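> Below is the structure I would like to discuss, written out as structure tokens.
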Amino acid sequence: MSLPAEATALTRPAVLVFSARMISDIGIDLAGSSHMHYSPSVVVIPLPCSSSLRAEWILHAFERGFDGVFVAADGTDCPLVPDCTQRTAAVVGRAQGMMQERGIAPERLKMAAFCSVCAESFVRHMRQFTESLADLAGIAGGA
Amino acid sequence: MSSRRLGVYICYCGGNISDFVDCERVRAAVEGEEGVVIARTPMFACSDAAQQEMIDDIHQLGLDGMVVASCSPTLHQLTFRGVAERAGLNPYLYTQVNLREQCSWAHTDQPEAATRKAIQMVRAGIAKARWSEPLEKIRVQTVPGVLVVGAGIAGLRTAVALSDLGLAVTIVERSERAGGWVAGFGSMYPHDRSGAGLVAEALAEIGRRDNITLHTRAALVEKSGSVGDLVVVLDVAGERVSLNVGAIVVATGFDTYEPAEGEYGRGLAGVLTLPEYKGLLDGSEGPLVVDGHPVSSVAYIYCVGSRCESCEHGHTYCSRYCCAAAVHASLVTHERVPGVRQYHLYRDMRTYGKYESLYTRARQQGSVFLEFDPQEPPSVEAEGGTLRVTLRDLLTTGKELTFPADVVVLVTAMQPKRNEALNEVLKLPVGLDGFFKEVHPKLRPVETVIDGVFIAGAAQAPRSSAESVASALAAAAKSAALLKKGSVQLEPLVAVVDPAACTWCGLCAEVCPYGAIEKVLYDGKEVALVNEVICKGGGSCVPVCPYGAIQVRGSTDAQIRAMIEAMEIEHV
């Protein structure tokens with residue numbers, strides 16, 4: 001069974017969040033279990049650690065129609081790679097360079113570190129990011 | 001990508017999901033996806049009945065993959081892996097979609113948008129499952145022996161406990177004598193037992209055990225191998241000794257904060273740290289004398305080097321043991337010096353739990369407690385052969401008080417022991433506070449991310465000797481639980497190299513914090529090889545590879561790209 005596109009598409013601006021499975025993804029879970037609302041246009045792909053993120057995946061998300069990509073790094077709490085935030089920042093920097101080469105505004109890629117209890121902070125960042133993306137692209141919506 | 005036969009289960013979670021997400025619409029949207037053989041909407045996917053239905057589907061429909069869209073994987077991933085295993089399906093061919101915490105509960109205000117998002121999420125889960133591969137847990141035979149690093153009270157008690165459990169123990173102690181700080185203490189709180197006596201008892205017990213070897217003037221200098229089967233090289237008084245063990249317990253203890261010159265009068269005659277004062281109390285008898293002067297008044301200044309947000313040398317954390325230790329020292333002083341005047345200058349008094357009774361006793365015996373504002377700390381000056389202490393006491397309407405004291409005791413912080421050489425060998429994560437870091441303070445409090453390496457005592461955090469022994473026994477129990485079974489099984493979600501694509505540039509090995517990647521010859525060329533037993537699967541090697549030749553199982557390039565494509569935004 002196939003539904004019309006308008007029945008299945010995400011609302012916009014569509015945001016892909018890359019989270020870290022052991023830390024920031026737990027914080028995002030906490031936002032949900034606390035019934036804190038953020039835009040349903042935000043979807044999450046968890047990674048083992050944010051430092052495993054490839055710049056090419058970020059570009060791929062833009063190519064596939066996402067309006068923004070947000071990297072929810074795991075800060076200093078990561079038990080796997082203690083300095084993963086710096087490593088992730090280097091990937092994000094590289095991705096922003098690649099975005100500029102392709103004419104994609106670097107503001108459409110953001111990164112912040114979240115711990116496993118950073119639910120409020122995550123929701124706040126999502127609200128700000130979706131609002132800024134909406135402004136950037138002239139899209140109605142946001143959080 | 002193989003052509004999978006997938007079962008997809010979209011859980012109602014008894015309304016937790018279905019009240020906000022139209023699960024039937026989600027099922028209708030995904031049941032035609034490539035590879036989906038059956039799509040169901042159980043009321044509770046985790047119920048026995050639903051689990052049995054999944055097992056029946058796997059058997060009857062010949063499923064070779066499974067997607068459950070329900071709650072967070074932290075809750076039920078193991079449950080559904082177990083379902084797969086019971087049905088004879090490789091558990092790593094199961095994919096969980098976090099529909100509750102990351103969709104229905106986060107969007108209770110927008111059910112239509114939540115349903116659309118749920119469809120995208122389940123599609124992404126299906127896409128990932130199509131690229132999943134069967135994986136086997138990594139099985140390692142274990143050696144029934146443990147290396148304990150550090151022979152303080154925590155290390156000694158760890159060794160005795162492990163010996164009781166039938167494991168051979170080798171203890172290495174960097175200094176010339178065993179016992180650590182506690183060996184130098186006399187009466188200790190809460191029961192006035194002698195620290196030296198406790199250590200002597202532990203050492204006598206160790207002396208009676210054939211399966212414990214204690215090396216002093218010894219250090220761990222090399223470690224190789226993997227959890228359950230480690231090769232360690234010790235430097236024992238200049239001689240190198242190689243040893244095979246299954247696990248390591250790190251109990252290297254703490255250092256004490258040394259105040260800067262001039263900090264609360266440090267450098268003046270009669271200004272001592274708490275360990276120095278305790279040494280004076282424990283090492284003498286009769287009337288208390290400092291620098292030739294009899295002591296009739298003592299001032300204790302708390303939180304020196306602790307809870308310090310802005311000072312240059314101190315620490316932000318509370319050192320935990322010191323309120324009770326200082327109050328106990330004042331009780332001992334009271335017994336030694338009848339009529340002694342004692343003043344406790346504190347920010348907050350934290351004689352927690354049972355130790356509150358020590359505080360009560362000190363007050364009953366005449367100790368005076370004065371509270372100061374950390375923004376306006378007390379000052380200590382020398383005056384006419386004695387010390388003069390000044391503070392603004394918050395308990396007496398902020399009035400400035402000045403009084404003489406023969407001794408000022410700086411109740412100093414506990415701080416991490418510096419041992420860069422050991423850190424280099426073990427590669428244990430260290431927290432911002434400088435102490436060794438556990439995986440999780442509540443769920444895995446003595447385990448580290450290095451499988452088979454445990455932490456105990458004050459090497460992990462500031463704590464009392466009783467708390468150190470408690471964590472030592474926990475580390476002993478966890479070590480024994482690991483080794484007594486004879487083998488261990490490790491998660492296979494680790495990095496893997498495609499040797500055809502690898503050209504050995506060495507970048508992955510450079511960034512690996514665990515030294516898990518080495519250069520090997522493959523088909524006549526140099527390539528990277530991951531030691532899957534050492535690798536933690538963090539994946540920081542993935543983005544540095546210029547050829548995409550290294551990836552983490554379970555989060556492969558193909559899986560991530562497929563998930564992104566499955567959620568492709570339709571610009572409507």
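The chains in the structure tokens are called A, B, ... from first to last as shown; in each chain the residues are counted from 1, and the ligands are counted from 1 in the order shown.
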Tell me the residues of chain B close to chain A, meaning within 8 Å using only C-alpha atoms, as a short mmCIF file (atom, residue, chain, number, x, y, z; two decimals) with C-alpha atoms, in the first residue's frame.


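Saved as iface20.cif:
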data_model
loop_
_atom_site.label_atom_id
_atom_site.label_comp_id
_atom_site.auth_asym_id
_atom_site.auth_seq_id
_atom_site.Cartn_x
_atom_site.Cartn_y
_atom_site.Cartn_z
CA ALA B 28 0.09 0.21 6.19
CA ALA B 29 2.84 2.57 5.03
CA VAL B 30 5.70 0.12 5.58
CA GLU B 31 4.20 -3.29 4.84
CA GLY B 32 4.95 -2.85 1.16
CA SER B 72 14.33 2.94 23.58
CA ARG B 100 8.31 5.86 22.08
CA GLU B 101 11.04 8.06 23.62
CA GLN B 102 12.01 9.73 20.34
CA CYS B 103 8.59 10.07 18.70
CA SER B 104 5.28 9.50 20.48
CA TRP B 105 6.30 10.91 23.87
CA ALA B 106 8.16 13.85 22.33
CA HIS B 107 5.24 14.85 20.09
CA THR B 108 2.14 14.25 22.14
CA ASP B 109 0.92 17.63 20.90
CA GLN B 110 1.15 16.79 17.18
CA ALA B 113 3.20 14.91 12.44
CA ALA B 114 4.23 12.22 14.92
CA THR B 115 2.66 9.56 12.69
CA ARG B 116 4.51 10.85 9.65
CA LYS B 117 7.76 10.86 11.61
CA ILE B 119 6.71 6.14 9.26
CA GLN B 120 10.08 7.66 8.37
CA MET B 121 11.70 6.12 11.43
CA PRO B 429 39.80 7.25 30.81
CA VAL B 430 40.31 9.99 33.35
CA GLY B 431 37.49 12.37 34.29
CA LEU B 432 37.74 16.14 34.35
CA GLU B 438 33.98 4.27 35.71
CA VAL B 439 31.61 3.30 32.89
CA THR B 448 36.12 0.84 33.05
CA VAL B 449 35.74 0.95 29.29
CA PRO B 513 42.93 5.62 21.81
CA LYS B 536 35.75 -0.65 21.81
CA GLY B 537 33.75 0.17 18.69
CA GLY B 538 33.79 3.94 19.31
CA GLY B 539 34.63 4.48 15.65
CA SER B 540 36.84 7.57 15.80
CA CYS B 541 38.95 5.77 13.20
CA VAL B 542 36.05 5.85 10.71
CA PRO B 543 36.07 9.51 9.57
CA SER B 555 26.80 1.29 12.01
CA ILE B 560 23.83 4.94 7.69
CA ARG B 561 23.38 5.95 4.05
CA MET B 563 18.77 5.09 6.77
CA ILE B 564 19.23 8.62 5.43
CA GLU B 565 17.82 7.59 2.06
CA GLU B 568 14.44 11.11 2.21
CA ILE B 569 12.50 14.29 2.49
CA GLU B 570 9.68 14.65 0.07
CA HIS B 571 9.38 18.38 -0.55
CA VAL B 572 5.63 18.74 -0.61
#

> For a quick check of understanding, using only C-alpha atoms, which of B:Pro134, B:Gly225, B:Gly15, B:Gly398 has the smallest distance to Ile450 (chain B)?

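Of B:Pro134, B:Gly225, B:Gly15, B:Gly398, the one nearest Ile450 (chain B) is B:Gly225, counting only C-alpha atoms.
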
> Enter the distance from CA of Lys442 (chain B) to CA of Leu75 (chain B), in Å, rounded to one decimal.

16.1 Å

> Residues of region 85-158 of chain B in strand (DSSP E or B) according to DSSP, as a PyMOL selection string?

chain B and resi 94-98+138-141+145-149

> Atoms to include: N, CA and C atoms. Write the selected residues as an mmCIF file, in the first residue's frame.


data_model
loop_
_atom_site.group_PDB
_atom_site.id
_atom_site.type_symbol
_atom_site.label_atom_id
_atom_site.label_comp_id
_atom_site.auth_asym_id
_atom_site.auth_seq_id
_atom_site.Cartn_x
_atom_site.Cartn_y
_atom_site.Cartn_z
ATOM 1 N N TYR B 94 18.546 -8.271 14.216
ATOM 2 C CA TYR B 94 17.404 -7.561 14.798
ATOM 3 C C TYR B 94 17.732 -6.065 14.886
ATOM 4 N N THR B 95 16.784 -5.230 14.535
ATOM 5 C CA THR B 95 16.955 -3.774 14.603
ATOM 6 C C THR B 95 15.821 -3.176 15.426
ATOM 7 N N GLN B 96 16.165 -2.278 16.333
ATOM 8 C CA GLN B 96 15.132 -1.619 17.134
ATOM 9 C C GLN B 96 14.952 -0.175 16.693
ATOM 10 N N VAL B 97 13.711 0.252 16.630
ATOM 11 C CA VAL B 97 13.381 1.648 16.293
ATOM 12 C C VAL B 97 12.783 2.280 17.548
ATOM 13 N N ASN B 98 13.324 3.422 17.916
ATOM 14 C CA ASN B 98 12.972 4.072 19.181
ATOM 15 C C ASN B 98 11.733 4.958 19.006
ATOM 16 N N ILE B 138 32.442 -12.333 20.410
ATOM 17 C CA ILE B 138 33.857 -12.694 20.433
ATOM 18 C C ILE B 138 34.119 -13.446 21.736
ATOM 19 N N ARG B 139 34.579 -14.690 21.629
ATOM 20 C CA ARG B 139 34.764 -15.535 22.802
ATOM 21 C C ARG B 139 36.257 -15.627 23.140
ATOM 22 N N VAL B 140 36.574 -15.364 24.401
ATOM 23 C CA VAL B 140 37.975 -15.386 24.844
ATOM 24 C C VAL B 140 38.089 -16.268 26.088
ATOM 25 N N GLN B 141 39.049 -17.220 26.082
ATOM 26 C CA GLN B 141 39.311 -18.033 27.273
ATOM 27 C C GLN B 141 39.965 -17.152 28.342
ATOM 28 N N GLY B 145 43.685 -15.485 37.135
ATOM 29 C CA GLY B 145 44.599 -14.700 37.961
ATOM 30 C C GLY B 145 44.340 -13.220 37.766
ATOM 31 N N VAL B 146 44.650 -12.423 38.796
ATOM 32 C CA VAL B 146 44.376 -10.982 38.761
ATOM 33 C C VAL B 146 45.617 -10.216 39.215
ATOM 34 N N LEU B 147 45.899 -9.131 38.523
ATOM 35 C CA LEU B 147 46.935 -8.200 38.962
ATOM 36 C C LEU B 147 46.262 -7.055 39.698
ATOM 37 N N VAL B 148 46.717 -6.780 40.910
ATOM 38 C CA VAL B 148 46.209 -5.638 41.669
ATOM 39 C C VAL B 148 47.314 -4.583 41.693
ATOM 40 N N VAL B 149 47.003 -3.391 41.214
ATOM 41 C CA VAL B 149 47.989 -2.313 41.177
ATOM 42 C C VAL B 149 47.730 -1.394 42.361
#

> Which of region 92-134 of chain A end up as helix (DSSP H, G or I) when DSSP is run on this backbone - answer as a PyMOL selection string?

chain A and resi 92-101+106-108+119-134

> One number please: CA of Leu426 (chain B) to CA of Val233 (chain B), in Å, one decimal.

12.0 Å
